[in-house]
Structures are given as structure tokens and as C-alpha cells.
$ cat my_file18.txt   # compact mmCIF, N, CA, C and O atoms
# COMPACT_ATOMS: atom_id res chain seq x y z
N VAL A 1 48.59 1.05 43.34
CA VAL A 1 49.96 0.63 43.57
C VAL A 1 50.41 1.02 44.97
O VAL A 1 51.01 0.23 45.67
N TYR A 2 50.09 2.27 45.37
CA TYR A 2 50.52 2.73 46.68
C TYR A 2 49.83 1.97 47.79
O TYR A 2 50.43 1.65 48.81
N ARG A 3 48.53 1.67 47.58
CA ARG A 3 47.79 0.90 48.59
C ARG A 3 48.40 -0.47 48.80
O ARG A 3 48.54 -0.94 49.93
N LYS A 4 48.76 -1.11 47.70
CA LYS A 4 49.37 -2.44 47.79
C LYS A 4 50.71 -2.36 48.51
O LYS A 4 51.02 -3.22 49.33
N LEU A 5 51.48 -1.35 48.22
CA LEU A 5 52.77 -1.16 48.87
C LEU A 5 52.59 -0.95 50.37
O LEU A 5 53.28 -1.57 51.18
N ILE A 6 51.64 -0.10 50.73
CA ILE A 6 51.37 0.17 52.15
C ILE A 6 50.90 -1.11 52.85
O ILE A 6 51.34 -1.43 53.95
N THR A 7 50.04 -1.87 52.20
CA THR A 7 49.55 -3.13 52.76
C THR A 7 50.70 -4.11 52.96
O THR A 7 50.81 -4.74 54.02
N THR A 8 51.57 -4.21 51.98
CA THR A 8 52.71 -5.13 52.07
C THR A 8 53.64 -4.75 53.21
O THR A 8 54.06 -5.61 53.99
N VAL A 9 53.96 -3.47 53.31
CA VAL A 9 54.85 -3.01 54.38
C VAL A 9 54.20 -3.23 55.75
O VAL A 9 54.85 -3.67 56.70
N THR A 10 52.90 -2.96 55.84
CA THR A 10 52.18 -3.16 57.09
C THR A 10 52.18 -4.63 57.50
O THR A 10 52.41 -4.96 58.67
N GLU A 11 51.95 -5.51 56.54
CA GLU A 11 51.95 -6.95 56.83
C GLU A 11 53.33 -7.42 57.26
O GLU A 11 53.47 -8.24 58.17
N MET A 12 54.37 -6.91 56.60
CA MET A 12 55.74 -7.29 56.96
C MET A 12 56.08 -6.77 58.35
O MET A 12 56.70 -7.47 59.15
N ASP A 13 55.67 -5.55 58.64
CA ASP A 13 55.92 -4.98 59.97
C ASP A 13 55.25 -5.84 61.04
O ASP A 13 55.84 -6.12 62.08
N LYS A 14 54.03 -6.28 60.78
CA LYS A 14 53.31 -7.12 61.74
C LYS A 14 54.05 -8.45 61.93
O LYS A 14 54.21 -8.92 63.07
N ALA A 15 54.49 -9.05 60.83
CA ALA A 15 55.20 -10.33 60.91
C ALA A 15 56.50 -10.19 61.71
O ALA A 15 56.82 -11.03 62.55
N LEU A 16 57.23 -9.11 61.45
CA LEU A 16 58.49 -8.90 62.17
C LEU A 16 58.25 -8.52 63.63
O LEU A 16 59.03 -8.89 64.51
N THR A 17 57.18 -7.79 63.89
CA THR A 17 56.83 -7.46 65.27
C THR A 17 56.52 -8.73 66.04
O THR A 17 56.95 -8.89 67.19
N ASN A 18 55.79 -9.65 65.43
CA ASN A 18 55.51 -10.93 66.07
C ASN A 18 56.80 -11.67 66.39
O ASN A 18 56.92 -12.33 67.43
N MET A 19 57.79 -11.54 65.51
CA MET A 19 59.08 -12.17 65.74
C MET A 19 59.76 -11.59 66.98
O MET A 19 60.35 -12.32 67.78
N THR A 20 59.66 -10.27 67.15
CA THR A 20 60.30 -9.65 68.31
C THR A 20 59.61 -10.03 69.62
O THR A 20 60.24 -10.05 70.66
N VAL A 21 58.32 -10.34 69.54
CA VAL A 21 57.57 -10.71 70.73
C VAL A 21 58.07 -12.05 71.30
O VAL A 21 58.13 -12.22 72.51
N VAL A 22 58.46 -12.97 70.43
CA VAL A 22 58.86 -14.30 70.89
C VAL A 22 60.38 -14.46 71.04
O VAL A 22 60.85 -15.53 71.39
N THR A 23 61.12 -13.39 70.76
CA THR A 23 62.58 -13.45 70.88
C THR A 23 63.07 -12.23 71.64
O THR A 23 62.30 -11.38 72.05
N SER A 24 64.37 -12.15 71.78
CA SER A 24 64.98 -10.96 72.39
C SER A 24 65.44 -9.97 71.31
O SER A 24 66.15 -9.02 71.61
N LEU A 25 65.01 -10.19 70.06
CA LEU A 25 65.39 -9.28 68.98
C LEU A 25 64.69 -7.94 69.14
O LEU A 25 63.52 -7.87 69.54
N SER A 26 65.41 -6.89 68.82
CA SER A 26 64.79 -5.56 68.77
C SER A 26 64.10 -5.42 67.41
O SER A 26 64.32 -6.22 66.50
N ARG A 27 63.28 -4.39 67.26
CA ARG A 27 62.63 -4.15 65.96
C ARG A 27 63.68 -3.92 64.87
O ARG A 27 63.54 -4.40 63.76
N GLU A 28 64.73 -3.18 65.22
CA GLU A 28 65.79 -2.93 64.25
C GLU A 28 66.46 -4.23 63.81
O GLU A 28 66.72 -4.44 62.62
N GLN A 29 66.72 -5.12 64.77
CA GLN A 29 67.34 -6.40 64.43
C GLN A 29 66.41 -7.24 63.57
O GLN A 29 66.87 -7.89 62.62
N ALA A 30 65.14 -7.22 63.89
CA ALA A 30 64.18 -7.97 63.09
C ALA A 30 64.14 -7.43 61.67
O ALA A 30 64.14 -8.20 60.70
N TRP A 31 64.11 -6.11 61.53
CA TRP A 31 64.07 -5.52 60.18
C TRP A 31 65.35 -5.80 59.41
O TRP A 31 65.34 -5.83 58.18
N GLN A 32 66.46 -6.05 60.10
CA GLN A 32 67.70 -6.39 59.42
C GLN A 32 67.62 -7.77 58.76
O GLN A 32 68.42 -8.09 57.89
N LEU A 33 66.64 -8.56 59.16
CA LEU A 33 66.45 -9.89 58.57
C LEU A 33 65.69 -9.84 57.25
O LEU A 33 65.54 -10.86 56.58
N THR A 34 65.22 -8.65 56.87
CA THR A 34 64.37 -8.58 55.67
C THR A 34 65.09 -9.05 54.41
O THR A 34 64.45 -9.68 53.56
N ASP A 35 66.37 -8.78 54.28
CA ASP A 35 67.09 -9.25 53.09
C ASP A 35 67.08 -10.77 53.02
O ASP A 35 66.85 -11.36 51.96
N THR A 36 67.31 -11.42 54.16
CA THR A 36 67.29 -12.87 54.22
C THR A 36 65.90 -13.40 53.92
O THR A 36 65.73 -14.35 53.14
N VAL A 37 64.89 -12.78 54.51
CA VAL A 37 63.50 -13.19 54.31
C VAL A 37 63.10 -13.01 52.85
O VAL A 37 62.52 -13.91 52.23
N HIS A 38 63.43 -11.87 52.27
CA HIS A 38 63.08 -11.61 50.87
C HIS A 38 63.80 -12.57 49.92
O HIS A 38 63.20 -13.04 48.94
N ALA A 39 65.07 -12.86 50.20
CA ALA A 39 65.82 -13.78 49.34
C ALA A 39 65.20 -15.18 49.38
O ALA A 39 65.04 -15.82 48.33
N LEU A 40 64.83 -15.63 50.55
CA LEU A 40 64.22 -16.95 50.67
C LEU A 40 62.83 -16.97 50.03
O LEU A 40 62.46 -17.94 49.37
N ALA A 41 62.10 -15.88 50.17
CA ALA A 41 60.78 -15.77 49.53
C ALA A 41 60.93 -15.85 48.01
O ALA A 41 60.18 -16.56 47.34
N LYS A 42 61.90 -15.13 47.49
CA LYS A 42 62.12 -15.14 46.04
C LYS A 42 62.53 -16.53 45.57
O LYS A 42 62.05 -17.01 44.54
N GLU A 43 63.38 -17.19 46.33
CA GLU A 43 63.87 -18.51 45.96
C GLU A 43 62.75 -19.56 45.97
O GLU A 43 62.75 -20.48 45.15
N THR A 44 61.80 -19.40 46.88
CA THR A 44 60.75 -20.42 47.03
C THR A 44 59.42 -20.03 46.39
O THR A 44 58.51 -20.84 46.31
N GLY A 45 59.29 -18.77 45.97
CA GLY A 45 58.05 -18.32 45.38
C GLY A 45 56.96 -18.01 46.39
O GLY A 45 55.79 -17.87 46.04
N MET A 46 57.33 -17.91 47.65
CA MET A 46 56.38 -17.58 48.71
C MET A 46 56.46 -16.08 49.00
O MET A 46 57.43 -15.42 48.64
N ALA A 47 55.45 -15.58 49.68
CA ALA A 47 55.47 -14.18 50.10
C ALA A 47 56.45 -14.02 51.26
O ALA A 47 56.63 -14.94 52.07
N SER A 48 57.05 -12.86 51.33
CA SER A 48 58.00 -12.57 52.42
C SER A 48 57.34 -12.70 53.78
O SER A 48 57.95 -13.19 54.73
N THR A 49 56.08 -12.29 53.86
CA THR A 49 55.38 -12.39 55.16
C THR A 49 55.19 -13.86 55.55
O THR A 49 55.25 -14.19 56.73
N GLU A 50 54.95 -14.73 54.58
CA GLU A 50 54.83 -16.16 54.89
C GLU A 50 56.14 -16.69 55.46
O GLU A 50 56.14 -17.45 56.43
N ILE A 51 57.25 -16.29 54.85
CA ILE A 51 58.57 -16.73 55.33
C ILE A 51 58.81 -16.20 56.74
O ILE A 51 59.25 -16.94 57.63
N ALA A 52 58.52 -14.93 56.98
CA ALA A 52 58.70 -14.35 58.32
C ALA A 52 57.82 -15.05 59.34
O ALA A 52 58.27 -15.35 60.46
N ASN A 53 56.58 -15.36 58.97
CA ASN A 53 55.68 -16.05 59.89
C ASN A 53 56.14 -17.48 60.17
O ASN A 53 56.03 -17.95 61.31
N MET A 54 56.65 -18.15 59.16
CA MET A 54 57.18 -19.50 59.37
C MET A 54 58.37 -19.47 60.32
O MET A 54 58.48 -20.30 61.22
N THR A 55 59.25 -18.50 60.13
CA THR A 55 60.41 -18.36 61.00
C THR A 55 59.96 -18.12 62.44
O THR A 55 60.49 -18.71 63.38
N THR A 56 58.95 -17.26 62.60
CA THR A 56 58.43 -16.98 63.94
C THR A 56 57.89 -18.23 64.60
O THR A 56 58.08 -18.44 65.80
N MET A 57 57.21 -19.08 63.84
CA MET A 57 56.69 -20.33 64.42
C MET A 57 57.82 -21.19 64.99
O MET A 57 57.68 -21.77 66.06
N TYR A 58 58.94 -21.26 64.28
CA TYR A 58 60.08 -22.03 64.80
C TYR A 58 60.70 -21.34 66.02
O TYR A 58 61.12 -22.01 66.96
N LEU A 59 60.75 -20.03 66.00
CA LEU A 59 61.27 -19.30 67.16
C LEU A 59 60.39 -19.51 68.38
O LEU A 59 60.89 -19.62 69.50
N GLN A 60 59.09 -19.60 68.18
CA GLN A 60 58.16 -19.86 69.28
C GLN A 60 58.42 -21.22 69.91
O GLN A 60 58.11 -21.44 71.07
N GLN A 61 58.98 -22.13 69.14
CA GLN A 61 59.29 -23.47 69.64
C GLN A 61 60.64 -23.51 70.37
O GLN A 61 61.09 -24.57 70.79
N GLY A 62 61.28 -22.35 70.49
CA GLY A 62 62.53 -22.26 71.22
C GLY A 62 63.77 -22.46 70.38
O GLY A 62 64.88 -22.57 70.91
N LYS A 63 63.62 -22.50 69.06
CA LYS A 63 64.78 -22.66 68.18
C LYS A 63 65.59 -21.37 68.15
O LYS A 63 65.06 -20.28 68.34
N THR A 64 66.89 -21.50 67.90
CA THR A 64 67.71 -20.32 67.72
C THR A 64 67.34 -19.68 66.38
O THR A 64 66.73 -20.33 65.53
N LEU A 65 67.75 -18.45 66.18
CA LEU A 65 67.45 -17.77 64.93
C LEU A 65 68.05 -18.52 63.75
O LEU A 65 67.39 -18.73 62.73
N ALA A 66 69.29 -18.95 63.90
CA ALA A 66 69.96 -19.68 62.81
C ALA A 66 69.20 -20.97 62.49
O ALA A 66 68.96 -21.29 61.32
N ASP A 67 68.80 -21.72 63.53
CA ASP A 67 68.05 -22.95 63.31
C ASP A 67 66.68 -22.66 62.71
O ASP A 67 66.23 -23.38 61.81
N ALA A 68 66.04 -21.61 63.19
CA ALA A 68 64.71 -21.25 62.68
C ALA A 68 64.77 -20.90 61.20
O ALA A 68 63.91 -21.32 60.42
N LEU A 69 65.79 -20.17 60.80
CA LEU A 69 65.94 -19.81 59.39
C LEU A 69 66.23 -21.05 58.54
O LEU A 69 65.70 -21.20 57.44
N GLU A 70 67.05 -21.95 59.06
CA GLU A 70 67.36 -23.18 58.33
C GLU A 70 66.11 -24.05 58.19
O GLU A 70 65.83 -24.59 57.11
N LEU A 71 65.34 -24.19 59.26
CA LEU A 71 64.11 -24.97 59.21
C LEU A 71 63.08 -24.32 58.29
O LEU A 71 62.36 -25.00 57.56
N THR A 72 63.02 -22.99 58.32
CA THR A 72 62.10 -22.27 57.44
C THR A 72 62.46 -22.52 55.99
O THR A 72 61.57 -22.77 55.16
N GLU A 73 63.74 -22.47 55.68
CA GLU A 73 64.16 -22.72 54.30
C GLU A 73 63.75 -24.12 53.85
O GLU A 73 63.19 -24.30 52.76
N ALA A 74 63.99 -25.11 54.70
CA ALA A 74 63.63 -26.49 54.35
C ALA A 74 62.11 -26.64 54.18
O ALA A 74 61.64 -27.26 53.22
N ALA A 75 61.36 -26.05 55.10
CA ALA A 75 59.89 -26.15 55.04
C ALA A 75 59.34 -25.42 53.81
O ALA A 75 58.42 -25.90 53.15
N ALA A 76 59.90 -24.26 53.52
CA ALA A 76 59.43 -23.47 52.37
C ALA A 76 59.72 -24.21 51.06
O ALA A 76 58.88 -24.24 50.16
N LYS A 77 60.88 -24.82 50.97
CA LYS A 77 61.22 -25.58 49.76
C LYS A 77 60.31 -26.79 49.63
O LYS A 77 59.86 -27.12 48.53
N ALA A 78 60.04 -27.46 50.74
CA ALA A 78 59.15 -28.62 50.71
C ALA A 78 57.73 -28.20 50.31
O ALA A 78 57.06 -28.88 49.53
N ALA A 79 57.29 -27.06 50.84
CA ALA A 79 55.96 -26.55 50.50
C ALA A 79 55.88 -26.22 49.01
O ALA A 79 54.87 -26.50 48.36
N ARG A 80 56.95 -25.64 48.49
CA ARG A 80 56.97 -25.31 47.06
C ARG A 80 56.87 -26.57 46.22
O ARG A 80 56.09 -26.64 45.27
N ILE A 81 57.63 -27.58 46.58
CA ILE A 81 57.61 -28.84 45.84
C ILE A 81 56.22 -29.49 45.91
O ILE A 81 55.71 -30.00 44.92
N ALA A 82 55.62 -29.42 47.08
CA ALA A 82 54.29 -30.03 47.28
C ALA A 82 53.17 -29.17 46.73
O ALA A 82 52.03 -29.61 46.64
N GLY A 83 53.51 -27.91 46.43
CA GLY A 83 52.49 -27.00 45.89
C GLY A 83 51.51 -26.52 46.93
O GLY A 83 50.34 -26.27 46.63
N ILE A 84 52.00 -26.35 48.18
CA ILE A 84 51.13 -25.87 49.25
C ILE A 84 51.65 -24.56 49.80
O ILE A 84 52.79 -24.19 49.58
N SER A 85 50.79 -23.87 50.53
CA SER A 85 51.15 -22.61 51.14
C SER A 85 51.94 -22.87 52.41
O SER A 85 51.75 -23.88 53.08
N GLY A 86 52.80 -21.92 52.77
CA GLY A 86 53.55 -22.03 54.00
C GLY A 86 52.88 -21.37 55.18
O GLY A 86 53.38 -21.39 56.29
N SER A 87 51.71 -20.78 54.97
CA SER A 87 51.03 -20.09 56.06
C SER A 87 50.23 -21.06 56.90
O SER A 87 49.97 -22.19 56.49
N LYS A 88 49.81 -20.59 58.08
CA LYS A 88 49.06 -21.43 59.00
C LYS A 88 47.64 -21.69 58.54
O LYS A 88 47.01 -22.60 58.98
N GLU A 89 47.10 -20.81 57.70
CA GLU A 89 45.71 -20.94 57.30
C GLU A 89 45.48 -22.16 56.46
O GLU A 89 46.18 -22.65 55.71
$ encode --input "my_file18.txt" --output "C-alpha cells"
Amino acid sequence: VYRKLITTVTEMDKALTNMTVVTSLSREQAWQLTDTVHALAKETGMASTEIANMTTMYLQQGKTLADALELTEAAAKAARIAGISGSKE
């Protein structure tokens, strides 16, 4: 149980760190998005790290945070309906 928790936190930290690399967000600001990321993950049945990574992909395209979150929500819902993963793999 502890290993899984550590792995999950490590993966989320990596996903949020990637977000800070492509934006002007600080690590603290990125971590403040976890409630939003977790809520969207729960709503769509995807992993929180998948949601964070999807958001980062939109941010890399120059979208604002608000637009990136909106696009992530739409893409995650579409992926759920289609029965596909939201990750790049």
C-alpha cells in the first residue's frame, strides 16, 4: 500500500513539474491544481496523472491555463466515451 502511494505521489509530482516547465507556474501553484485535476480524474475515470499530462500538452501549445483545463475536460470526456486512454502512449 505504501509503495503504491509513494509511486502515485512521485508520478503526480513529475506530471506537475512538467507543467511548471512549460508555464510560469511555481511548484506551489501547480500543486494547488491537484483538487481540480483529481475532480476531473474522478469524473472521467482517468488517472490524475493522465489529466495533468493532458493539461500540460495543451499548455505546451500555448493555451492559457483556463483554456487548457477546459480542453482537457473535453478530451477526457471524449476519451471516456470512446473507451480510450488519455495518455500519449
$ atom_distance --input "my_file18.txt" --atom1 "atom C of Asp13 of chain A" --atom2 "atom C of Lys77 of chain A"
24.4 Å
$ residues_around --input "my_file18.txt" --residues "Trp31 of chain A" --least-positions-apart "5" --cutoff "8 Å" --atoms "only N, CA, C and O atoms" --output "ChimeraX atom specification"
/A:12,16-17,25-26,36-37
$ atom_distance --input "my_file18.txt" --atom1 "atom O of Ala66 of chain A" --atom2 "atom C of Thr10 of chain A"
24.0 Å
$ residues_around --input "my_file18.txt" --residues "segment 53-59 of chain A" --least-positions-apart "6" --cutoff "7 Å" --atoms "all atoms listed in the file" --output "list of chain:residue names"
A:Ala15, A:Leu16, A:Asn18, A:Met19, A:Val22, A:Thr23, A:Ala47, A:Leu65, A:Asp67, A:Ala68, A:Leu69, A:Leu71, A:Thr72, A:Gly86, A:Ser87
$ atom_distance --input "my_file18.txt" --atom1 "atom O of Glu43 of chain A" --atom2 "atom O of Ala76 of chain A"
7.4 Å
$ closest_residue --input "my_file18.txt" --among "A:Val21, A:Gly45, A:Glu11, A:Thr34" --to "Ile84 of chain A" --atoms "all atoms listed in the file"
A:Gly45
$ select_by_dssp --input "my_file18.txt" --residues "chain A" --states "alpha helix (DSSP H)" --output "PyMOL selection string"
chain A and resi 2-22+27-31+34-44+48-60+65-82
$ residues_near_point --input "my_file18.txt" --point "(60.4, -11.3, 50.3)" --cutoff "6 Å" --atoms "all atoms listed in the file" --output "list of chain:residue names"
A:Thr34, A:Val37, A:His38, A:Ala39, A:Ala41, A:Lys42, A:Met46, A:Ala47, A:Ser48, A:Thr49
$ closest_residue --input "my_file18.txt" --among "A:Glu50, A:Val1, A:Thr44, A:Gln60" --to "Glu73 of chain A" --atoms "only C-alpha atoms"
A:Thr44
